[in-house]
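Below is input_8.cif, holding mmCIF, C-alpha atoms.
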data_model
#
loop_
_atom_site.label_atom_id
_atom_site.label_comp_id
_atom_site.auth_asym_id
_atom_site.auth_seq_id
_atom_site.Cartn_x
_atom_site.Cartn_y
_atom_site.Cartn_z
CA MET A 6 0.00 0.00 0.00
CA GLU A 7 1.25 3.47 -0.83
CA LYS A 8 0.39 6.56 1.10
CA PRO A 9 2.25 9.53 -0.35
CA ALA A 10 2.31 12.83 1.51
CA ASN A 11 -0.71 14.89 0.53
CA THR A 12 1.14 17.80 -0.99
CA ASN A 13 1.13 19.80 -4.19
CA ARG A 14 4.57 21.15 -3.51
CA ASN A 15 7.52 19.92 -5.45
CA ILE A 16 9.37 17.59 -3.08
CA SER A 17 11.53 14.57 -3.87
CA GLU A 18 9.71 11.28 -4.39
CA ASN A 19 11.63 9.42 -1.69
CA ILE A 20 10.56 11.96 0.92
CA LYS A 21 7.02 12.15 -0.40
CA ASN A 22 6.58 8.38 -0.33
CA ARG A 23 8.10 7.68 3.08
CA TRP A 24 5.53 6.70 5.64
CA SER A 25 5.29 4.25 8.53
CA PRO A 26 3.29 1.15 7.54
CA ARG A 27 2.73 -1.79 9.86
CA ALA A 28 2.10 -4.50 7.25
CA PHE A 29 5.27 -6.38 6.33
CA ASP A 30 5.34 -9.43 4.06
CA GLY A 31 7.88 -11.20 6.25
CA LYS A 32 10.39 -11.86 3.46
CA PRO A 33 14.08 -11.18 4.15
CA ILE A 34 15.65 -8.14 2.52
CA GLU A 35 18.74 -8.19 0.32
CA GLU A 36 21.98 -7.52 2.20
CA GLY A 37 22.95 -4.89 -0.39
CA LYS A 38 19.78 -2.91 0.31
CA LEU A 39 20.37 -3.03 4.04
CA LEU A 40 23.91 -1.78 3.50
CA SER A 41 22.66 1.07 1.31
CA ILE A 42 20.32 2.10 4.12
CA LEU A 43 23.14 2.09 6.67
CA GLU A 44 25.35 3.93 4.21
CA ALA A 45 22.76 6.71 3.91
CA GLY A 46 22.78 7.06 7.70
CA ARG A 47 26.54 7.06 7.80
CA TRP A 48 26.79 10.24 5.73
CA ALA A 49 24.45 12.33 7.87
CA ALA A 50 25.58 15.62 9.39
CA SER A 51 26.52 15.83 13.07
CA ALA A 52 27.96 18.32 15.53
CA PHE A 53 31.77 18.30 15.28
CA ASN A 54 31.31 15.29 12.97
CA GLU A 55 31.00 13.15 16.12
CA GLN A 56 28.62 10.73 14.35
CA PRO A 57 27.01 9.70 17.66
CA TRP A 58 24.81 7.10 15.93
CA ARG A 59 25.22 3.38 16.52
CA PHE A 60 23.02 0.53 15.36
CA VAL A 61 22.17 -2.97 16.50
CA VAL A 62 20.87 -4.74 13.41
CA GLY A 63 18.68 -7.74 14.20
CA LYS A 64 17.71 -10.12 11.40
CA LYS A 65 14.72 -12.37 11.87
CA GLY A 66 15.91 -15.64 13.39
CA ASP A 67 18.98 -14.24 15.13
CA GLU A 68 19.45 -13.46 18.78
CA LYS A 69 19.72 -9.68 18.37
CA TYR A 70 16.38 -9.62 16.59
CA GLU A 71 14.71 -11.57 19.38
CA LYS A 72 16.12 -9.23 22.01
CA ILE A 73 15.01 -6.09 20.19
CA LEU A 74 11.57 -7.62 19.61
CA ALA A 75 11.29 -8.59 23.28
CA SER A 76 11.92 -4.98 24.32
CA LEU A 77 8.99 -3.62 22.27
CA ILE A 78 5.68 -2.78 23.92
CA GLU A 79 2.96 -5.35 23.28
CA TRP A 80 1.17 -3.23 20.64
CA ASN A 81 4.33 -2.89 18.55
CA ARG A 82 5.32 -6.52 19.04
CA GLN A 83 2.08 -7.58 17.37
CA TRP A 84 3.07 -6.24 13.96
CA ALA A 85 6.84 -5.66 14.14
CA GLY A 86 7.56 -9.38 14.46
CA GLU A 87 6.75 -9.73 10.76
CA ALA A 88 9.53 -7.32 9.77
CA PRO A 89 12.67 -9.12 8.58
CA VAL A 90 14.95 -6.51 10.15
CA LEU A 91 14.73 -4.57 13.41
CA ILE A 92 17.34 -1.90 14.03
CA LEU A 93 17.94 -0.56 17.51
CA ASN A 94 19.17 3.03 17.21
CA LEU A 95 21.60 4.22 19.87
CA ALA A 96 23.05 7.64 20.65
CA LYS A 97 26.48 8.15 22.19
CA ARG A 98 26.00 10.44 25.19
CA THR A 99 29.42 12.11 25.19
CA PHE A 100 31.87 13.58 22.72
CA THR A 101 34.73 11.21 22.03
CA ARG A 102 37.25 14.06 21.70
CA ASN A 103 36.71 15.47 25.21
CA GLY A 104 34.22 13.29 27.12
CA LYS A 105 31.76 16.17 27.54
CA PRO A 106 27.99 15.57 27.22
CA ASN A 107 26.80 15.77 23.62
CA THR A 108 23.58 17.76 23.84
CA THR A 109 22.72 17.18 20.19
CA ALA A 110 23.38 13.42 20.15
CA LEU A 111 19.66 12.58 19.84
CA TYR A 112 19.19 15.26 17.22
CA ASP A 113 22.09 13.89 15.20
CA LEU A 114 20.88 10.30 15.59
CA GLY A 115 17.49 11.44 14.30
CA GLN A 116 19.18 12.86 11.23
CA ALA A 117 20.98 9.62 10.49
CA VAL A 118 17.84 7.51 10.90
CA ALA A 119 15.79 9.95 8.81
CA GLY A 120 18.30 9.48 6.00
CA MET A 121 18.02 5.72 6.41
CA ALA A 122 14.22 5.85 6.23
CA ILE A 123 14.35 8.02 3.11
CA GLU A 124 16.95 5.74 1.52
CA ALA A 125 14.77 2.72 2.30
CA VAL A 126 12.08 4.21 0.03
CA ASN A 127 14.71 4.46 -2.69
CA GLN A 128 15.43 0.75 -2.10
CA GLU A 129 11.70 -0.02 -2.44
CA LEU A 130 11.48 -0.98 1.21
CA ILE A 131 9.29 0.27 4.04
CA THR A 132 10.30 1.40 7.52
CA HIS A 133 8.46 2.10 10.73
CA GLN A 134 10.15 3.76 13.68
CA MET A 135 9.05 3.17 17.24
CA SER A 136 9.72 4.90 20.51
CA GLY A 137 7.31 2.42 22.11
CA PHE A 138 9.80 0.04 23.66
CA ASP A 139 11.50 -0.52 26.99
CA MET A 140 14.78 1.33 26.53
CA GLU A 141 16.36 -0.08 29.68
CA LYS A 142 15.34 -3.62 28.80
CA ALA A 143 16.85 -3.23 25.32
CA GLU A 144 20.07 -1.79 26.79
CA THR A 145 20.31 -4.64 29.29
CA LEU A 146 19.45 -7.47 26.89
CA LEU A 147 21.93 -6.20 24.33
CA ALA A 148 24.61 -5.26 26.89
CA VAL A 149 24.76 -1.64 25.71
CA SER A 150 27.47 0.24 27.59
CA ASP A 151 26.59 3.25 29.77
CA ASP A 152 27.84 5.79 27.27
CA PHE A 153 25.11 4.81 24.81
CA GLN A 154 21.38 5.41 24.98
CA ALA A 155 18.71 3.36 23.22
CA VAL A 156 16.43 5.88 21.49
CA SER A 157 14.29 4.14 18.88
CA VAL A 158 13.72 0.92 17.00
CA MET A 159 13.18 0.89 13.24
CA ALA A 160 11.47 -2.02 11.49
CA VAL A 161 12.65 -2.49 7.90
CA GLY A 162 11.21 -4.77 5.23
CA THR A 163 8.94 -5.18 2.25
CA ALA A 164 5.33 -4.04 2.25
CA GLY A 165 2.78 -6.75 3.01
CA ASN A 166 -0.98 -7.15 2.94
CA ILE A 167 -2.81 -5.06 5.52
CA LYS A 168 -5.46 -7.81 5.76
CA ASN A 169 -2.99 -9.71 7.92
CA LEU A 170 -3.19 -7.00 10.57
CA SER A 171 -5.76 -6.75 13.34
CA GLU A 172 -8.86 -4.73 12.49
CA ASP A 173 -7.90 -1.66 14.53
CA MET A 174 -4.49 -1.61 12.89
CA GLN A 175 -6.04 -1.95 9.44
CA GLN A 176 -8.01 1.21 10.14
CA MET A 177 -4.84 3.06 11.14
CA GLU A 178 -3.10 1.94 7.98
CA THR A 179 -5.79 3.39 5.73
CA SER A 180 -6.42 6.60 7.70
CA THR A 181 -5.29 9.92 6.28
CA ARG A 182 -1.81 11.14 7.15
CA GLU A 183 -2.17 14.35 9.16
CA ARG A 184 0.38 17.09 9.61
CA LYS A 185 0.39 20.63 10.96
CA THR A 186 0.38 23.31 8.27
CA ILE A 187 3.61 25.16 7.49
CA GLU A 188 2.04 28.24 9.11
CA GLU A 189 1.62 26.33 12.37
CA LEU A 190 5.28 25.31 12.28
CA LEU A 191 6.63 28.83 11.81
CA PHE A 192 7.44 30.61 15.01
CA MET B 16 31.77 23.09 -5.35
CA GLU B 17 30.47 19.54 -5.06
CA LYS B 18 31.65 17.04 -2.53
CA PRO B 19 29.65 13.83 -2.89
CA ALA B 20 29.90 11.13 -0.25
CA ASN B 21 32.80 8.84 -1.07
CA THR B 22 30.80 5.67 -1.52
CA ASN B 23 30.42 2.91 -4.06
CA ARG B 24 27.10 1.83 -2.58
CA ASN B 25 23.89 2.59 -4.34
CA ILE B 26 22.35 5.48 -2.40
CA SER B 27 20.06 8.24 -3.65
CA GLU B 28 21.73 11.23 -5.25
CA ASN B 29 20.18 13.76 -2.89
CA ILE B 30 21.66 11.97 0.12
CA LYS B 31 24.98 11.37 -1.60
CA ASN B 32 25.34 15.03 -2.56
CA ARG B 33 24.30 16.62 0.72
CA TRP B 34 27.18 18.18 2.56
CA SER B 35 27.78 21.29 4.65
CA PRO B 36 29.56 23.98 2.64
CA ARG B 37 30.39 27.42 4.01
CA ALA B 38 30.59 29.34 0.73
CA PHE B 39 27.29 30.99 -0.19
CA ASP B 40 26.85 33.33 -3.13
CA GLY B 41 24.60 35.67 -1.14
CA LYS B 42 21.71 35.63 -3.63
CA PRO B 43 18.17 35.22 -2.26
CA ILE B 44 16.45 31.89 -2.82
CA GLU B 45 13.08 31.43 -4.49
CA GLU B 46 10.16 31.33 -2.08
CA GLY B 47 8.88 28.12 -3.73
CA LYS B 48 12.15 26.34 -3.00
CA LEU B 49 12.09 27.44 0.62
CA LEU B 50 8.53 26.15 0.92
CA SER B 51 9.52 22.81 -0.61
CA ILE B 52 12.24 22.50 2.01
CA LEU B 53 9.82 23.23 4.85
CA GLU B 54 7.31 20.84 3.27
CA ALA B 55 9.89 18.04 3.34
CA GLY B 56 10.42 18.66 7.06
CA ARG B 57 6.70 18.76 7.69
CA TRP B 58 6.22 15.16 6.56
CA ALA B 59 8.88 13.66 8.82
CA ALA B 60 8.03 10.89 11.28
CA SER B 61 7.62 11.66 14.98
CA ALA B 62 6.60 9.90 18.18
CA PHE B 63 2.78 9.95 18.46
CA ASN B 64 2.85 12.24 15.42
CA GLU B 65 3.56 15.11 17.82
CA GLN B 66 5.62 16.95 15.18
CA PRO B 67 7.66 18.76 17.85
CA TRP B 68 9.56 20.78 15.24
CA ARG B 69 9.17 24.54 14.88
CA PHE B 70 11.12 26.96 12.73
CA VAL B 71 12.06 30.61 12.78
CA VAL B 72 12.87 31.51 9.20
CA GLY B 73 15.08 34.56 8.86
CA LYS B 74 15.64 36.13 5.45
CA LYS B 75 18.61 38.38 4.90
CA GLY B 76 17.57 41.93 5.67
CA ASP B 77 14.82 41.10 8.13
CA GLU B 78 14.87 41.29 11.89
CA LYS B 79 14.63 37.53 12.50
CA TYR B 80 17.69 36.95 10.35
CA GLU B 81 19.69 39.53 12.28
CA LYS B 82 18.69 37.97 15.60
CA ILE B 83 19.61 34.45 14.51
CA LEU B 84 22.91 35.71 13.09
CA ALA B 85 23.67 37.59 16.30
CA SER B 86 23.27 34.37 18.30
CA LEU B 87 25.92 32.49 16.30
CA ILE B 88 29.43 32.04 17.61
CA GLU B 89 31.98 34.31 15.94
CA TRP B 90 33.40 31.54 13.73
CA ASN B 91 30.00 30.73 12.25
CA ARG B 92 29.03 34.39 11.93
CA GLN B 93 31.99 34.93 9.61
CA TRP B 94 30.53 32.78 6.83
CA ALA B 95 26.84 32.33 7.69
CA GLY B 96 26.10 36.01 7.15
CA GLU B 97 26.39 35.39 3.40
CA ALA B 98 23.54 32.86 3.46
CA PRO B 99 20.23 34.35 2.29
CA VAL B 100 18.24 32.27 4.80
CA LEU B 101 18.96 31.25 8.39
CA ILE B 102 16.50 28.87 10.02
CA LEU B 103 16.43 28.47 13.80
CA ASN B 104 15.24 24.95 14.60
CA LEU B 105 13.23 24.53 17.79
CA ALA B 106 11.97 21.44 19.62
CA LYS B 107 8.80 21.42 21.72
CA ARG B 108 9.74 19.99 25.10
CA THR B 109 6.40 18.43 26.02
CA PHE B 110 3.65 16.42 24.36
CA THR B 111 0.68 18.59 23.50
CA ARG B 112 -1.80 15.79 24.28
CA ASN B 113 -0.76 15.33 27.92
CA GLY B 114 1.93 17.88 28.83
CA LYS B 115 4.47 15.16 29.63
CA PRO B 116 8.15 15.57 28.64
CA ASN B 117 8.82 14.45 25.08
CA THR B 118 12.08 12.50 25.37
CA THR B 119 12.40 12.11 21.60
CA ALA B 120 11.69 15.75 20.69
CA LEU B 121 15.30 16.42 19.66
CA TYR B 122 15.45 13.14 17.78
CA ASP B 123 12.27 14.01 15.88
CA LEU B 124 13.46 17.54 15.17
CA GLY B 125 16.64 16.04 13.76
CA GLN B 126 14.58 13.91 11.42
CA ALA B 127 12.62 16.89 10.13
CA VAL B 128 15.75 18.97 9.54
CA ALA B 129 17.54 16.04 7.87
CA GLY B 130 14.64 15.81 5.42
CA MET B 131 14.91 19.55 4.81
CA ALA B 132 18.65 19.31 4.15
CA ILE B 133 18.12 16.42 1.72
CA GLU B 134 15.28 18.24 -0.02
CA ALA B 135 17.49 21.32 -0.35
CA VAL B 136 19.87 19.26 -2.51
CA ASN B 137 16.88 18.36 -4.68
CA GLN B 138 16.19 22.10 -4.99
CA GLU B 139 19.82 22.68 -6.02
CA LEU B 140 20.53 24.56 -2.81
CA ILE B 141 23.12 24.05 -0.10
CA THR B 142 22.63 23.87 3.67
CA HIS B 143 24.92 23.99 6.65
CA GLN B 144 23.68 23.18 10.14
CA MET B 145 25.26 24.64 13.23
CA SER B 146 25.09 23.82 16.90
CA GLY B 147 27.66 26.57 17.45
CA PHE B 148 25.37 29.32 18.68
CA ASP B 149 24.15 30.75 21.97
CA MET B 150 20.86 28.91 22.45
CA GLU B 151 19.72 31.11 25.33
CA LYS B 152 20.55 34.26 23.43
CA ALA B 153 18.56 33.02 20.42
CA GLU B 154 15.62 32.09 22.64
CA THR B 155 15.68 35.50 24.34
CA LEU B 156 16.13 37.59 21.20
CA LEU B 157 13.33 35.75 19.42
CA ALA B 158 11.06 35.56 22.49
CA VAL B 159 10.82 31.75 22.31
CA SER B 160 8.43 30.48 24.99
CA ASP B 161 9.66 28.12 27.72
CA ASP B 162 8.13 25.03 26.14
CA PHE B 163 10.47 25.30 23.16
CA GLN B 164 14.18 24.69 22.96
CA ALA B 165 16.55 26.17 20.37
CA VAL B 166 18.61 23.24 19.05
CA SER B 167 20.31 24.22 15.80
CA VAL B 168 20.57 26.82 13.08
CA MET B 169 20.57 25.90 9.41
CA ALA B 170 21.96 28.21 6.75
CA VAL B 171 20.28 27.77 3.34
CA GLY B 172 21.29 29.24 0.01
CA THR B 173 23.11 28.83 -3.25
CA ALA B 174 26.70 27.66 -3.48
CA GLY B 175 29.28 30.43 -3.80
CA ASN B 176 32.98 30.73 -4.50
CA ILE B 177 35.20 29.34 -1.77
CA LYS B 178 37.80 32.00 -2.63
CA ASN B 179 35.65 34.44 -0.69
CA LEU B 180 36.25 32.50 2.51
CA SER B 181 39.18 32.94 4.87
CA GLU B 182 42.16 30.69 4.13
CA ASP B 183 41.58 28.28 7.00
CA MET B 184 37.96 27.87 5.92
CA GLN B 185 39.00 27.27 2.32
CA GLN B 186 41.11 24.37 3.53
CA MET B 187 38.15 22.91 5.42
CA GLU B 188 35.96 23.21 2.33
CA THR B 189 38.33 21.17 0.20
CA SER B 190 39.31 18.57 2.80
CA THR B 191 38.05 15.01 2.47
CA ARG B 192 34.74 14.14 4.12
CA GLU B 193 35.45 11.56 6.81
CA ARG B 194 33.04 9.07 8.32
CA LYS B 195 33.28 6.00 10.54
CA THR B 196 32.96 2.70 8.66
CA ILE B 197 29.69 0.77 8.83
CA GLU B 198 31.51 -1.82 10.95
CA GLU B 199 32.37 0.86 13.52
CA LEU B 200 28.71 1.89 13.69
CA LEU B 201 27.37 -1.59 14.33
CA PHE B 202 27.06 -2.45 17.98
#
As structure tokens, how would this structure be written, given the file I've shared?
Amino acid sequence: MEKPANTNRNISENIKNRWSPRAFDGKPIEEGKLLSILEAGRWAASAFNEQPWRFVVGKKGDEKYEKILASLIEWNRQWAGEAPVLILNLAKRTFTRNGKPNTTALYDLGQAVAGMAIEAVNQELITHQMSGFDMEKAETLLAVSDDFQAVSVMAVGTAGNIKNLSEDMQQMETSTRERKTIEELLF
Amino acid sequence: MEKPANTNRNISENIKNRWSPRAFDGKPIEEGKLLSILEAGRWAASAFNEQPWRFVVGKKGDEKYEKILASLIEWNRQWAGEAPVLILNLAKRTFTRNGKPNTTALYDLGQAVAGMAIEAVNQELITHQMSGFDMEKAETLLAVSDDFQAVSVMAVGTAGNIKNLSEDMQQMETSTRERKTIEELLF
């Protein structure tokens, strides 16, 4: 199912067509496509080029995948378990060069993951990011060191049939995408 | 000057060609292009679709521009004053639906601005984000209310001649873009 942004403005197709579906077809994704997605994240901008983004890539069937899945809230676990790849996105809390707190680490991580989500569209894949997971549980299960913070999980895969979702989820999948107007965003 | 990401992987051109130049030609940008950039940010993903991103758009010659410019550190003020547009990026600290702290507000803002930076490439413009500014000064000068946090400033414009930059900046413009390897990013 496609659900392009409802806009008449000229914006790039990959941005226009990115959205967050819940219906995955369960098939594995090509390694090359996964690497292209990570590569897009890799080239994001960051303060002092710290690149505070780190990723735990779980592939369905492996232990990392099971641990990321187990950290999701029940609602997300229902659908995300059909995604072939779950990526746990981590932010490094401090600057490597001086050990000081990096106040834009989450902001920079968001930029990297946004690039990955946009690149996924280019790779004809879908993504769905979640903040609905137990961050501490994920950090513990995956033995994440103290200097890193679990921020989000991104499901990656190929679009599936929404009929395989529960009825309430099916409704969410077909509902209109809503956004504030540009006027509301301008301060 | 172009400085594409040094990669053999198949990634979209707009992501590959985004980088953070300092040489602007000083010419104003078309309003339609600016709106396309904001539109790209508008459609970013966010936790509970809160859309915690807000923007102060300063155009060279107006008061907002002068205030954003005045909040930059000296180093950034040297080159950013040639950009026709300076956007102050703000994050809303709390969820509108329940007033609770939004722990992914910076992450979500980062996603919106990343989309804007990628869209700018599509519009044949350049962008350069800065965390090097006095956040409190920006918030005070622009009367930003307590629920919003100034996180970054993005210069937007058309590429100019690097010969107009100071010598040390010219060197930075032509230096190789460095990133960690994918292996270093995988936890």
Problem - Nearby residues, (17.7, 4.3, 20.1) file frame, 7 Å, only C-alpha atoms, as a PyMOL selection string - result: chain A and resi 93-96+154-158
Handout entry: Output check: residues returned by the PyMOL selection byres ((chain A) within 8 of (chain B)), as a PyMOL selection string
Key = chain A and resi 10+14-17+20-21+24-25+40-45+47-50+52+54+56+58-62+109+111-120+124+127+134-136+156+184-187+190-192
Problem - Answer key for the PyMOL selection byres ((chain B and resi 44) around 10), residues as a list in words - result: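 Those residues are Gly41, Lys42, Pro43, Glu45, Glu46, Gly47, Lys48, Leu49, Lys74, Ala98, Pro99, Val100, Leu140, Val171, Gly172 and Thr173 of chain B.
Excluding Gly96 in chain B itself and any same-chain residue fewer than 4 positions from it, the protein and nucleic acid residues within 10 Å of it, counting only C-alpha atoms, are Phe39, Gly41, Lys75, Tyr80, Glu81, Ile83, Leu84, Ala85, Leu87, Asn91, Arg92, Val100, Leu101 and Ala170 of chain B.
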Exercise for the section: Do a neighbour search on Lys168 in chain A at 12 Å with all atoms listed in the file, toss out local chain neighbours closer than 2 positions, and write the hits as a ChimeraX atom specification. Expected result: /A:6,27-30,84,164-166,170-176,178-179
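Nearest-residue note for Leu156 in chain B: choosing from B:Thr142, B:Arg112, B:Gly73, B:Ser86, the minimum distance belongs to B:Ser86, counting only C-alpha atoms.
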Problem - Distance in Å - CA of Asn103 in chain A versus CA of Arg108 in chain B - result: 27.3 Å
Problem - For CA of Glu78 in chain B and CA of Lys152 in chain B, the interatomic separation in Å (one decimal) - result: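 Result for CA of Glu78 in chain B versus CA of Lys152 in chain B: 14.7 Å, one decimal.
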Practice task
Could you jot down the CA of Pro26 in chain A to CA of Thr181 in chain A separation for me, Å, one decimal place?
Solution key: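 Interatomic distance, CA of Pro26 in chain A to CA of Thr181 in chain A: 12.3 Å.
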So that I can look at just that part, could you write range 85-96 of chain A with N, CA and C atoms, as a PDB file, in the first residue's frame?
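Saved result, part_5.pdb, follows:
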ATOM      1  N   ALA A  85       5.420  -5.800  14.507  1.00  0.00           N
ATOM      2  CA  ALA A  85       6.837  -5.656  14.145  1.00  0.00           C
ATOM      3  C   ALA A  85       7.533  -7.006  13.985  1.00  0.00           C
ATOM      4  N   GLY A  86       6.967  -8.042  14.574  1.00  0.00           N
ATOM      5  CA  GLY A  86       7.564  -9.376  14.463  1.00  0.00           C
ATOM      6  C   GLY A  86       7.498  -9.959  13.061  1.00  0.00           C
ATOM      7  N   GLU A  87       6.778  -9.299  12.172  1.00  0.00           N
ATOM      8  CA  GLU A  87       6.753  -9.727  10.763  1.00  0.00           C
ATOM      9  C   GLU A  87       7.834  -9.047   9.935  1.00  0.00           C
ATOM     10  N   ALA A  88       8.470  -8.029  10.513  1.00  0.00           N
ATOM     11  CA  ALA A  88       9.535  -7.322   9.772  1.00  0.00           C
ATOM     12  C   ALA A  88      10.792  -8.187   9.773  1.00  0.00           C
ATOM     13  N   PRO A  89      11.470  -8.303   8.637  1.00  0.00           N
ATOM     14  CA  PRO A  89      12.674  -9.124   8.583  1.00  0.00           C
ATOM     15  C   PRO A  89      13.863  -8.518   9.316  1.00  0.00           C
ATOM     16  N   VAL A  90      13.829  -7.191   9.487  1.00  0.00           N
ATOM     17  CA  VAL A  90      14.951  -6.511  10.150  1.00  0.00           C
ATOM     18  C   VAL A  90      14.419  -5.529  11.190  1.00  0.00           C
ATOM     19  N   LEU A  91      15.011  -5.567  12.367  1.00  0.00           N
ATOM     20  CA  LEU A  91      14.731  -4.574  13.408  1.00  0.00           C
ATOM     21  C   LEU A  91      16.059  -3.933  13.779  1.00  0.00           C
ATOM     22  N   ILE A  92      16.101  -2.617  13.689  1.00  0.00           N
ATOM     23  CA  ILE A  92      17.338  -1.904  14.025  1.00  0.00           C
ATOM     24  C   ILE A  92      17.126  -1.106  15.302  1.00  0.00           C
ATOM     25  N   LEU A  93      17.963  -1.360  16.285  1.00  0.00           N
ATOM     26  CA  LEU A  93      17.939  -0.555  17.513  1.00  0.00           C
ATOM     27  C   LEU A  93      18.892   0.616  17.305  1.00  0.00           C
ATOM     28  N   ASN A  94      18.375   1.825  17.454  1.00  0.00           N
ATOM     29  CA  ASN A  94      19.170   3.028  17.213  1.00  0.00           C
ATOM     30  C   ASN A  94      19.662   3.607  18.535  1.00  0.00           C
ATOM     31  N   LEU A  95      20.968   3.762  18.633  1.00  0.00           N
ATOM     32  CA  LEU A  95      21.597   4.217  19.870  1.00  0.00           C
ATOM     33  C   LEU A  95      22.310   5.552  19.656  1.00  0.00           C
ATOM     34  N   ALA A  96      22.309   6.377  20.694  1.00  0.00           N
ATOM     35  CA  ALA A  96      23.051   7.644  20.653  1.00  0.00           C
ATOM     36  C   ALA A  96      24.178   7.602  21.678  1.00  0.00           C
TER      37      ALA A  96
END
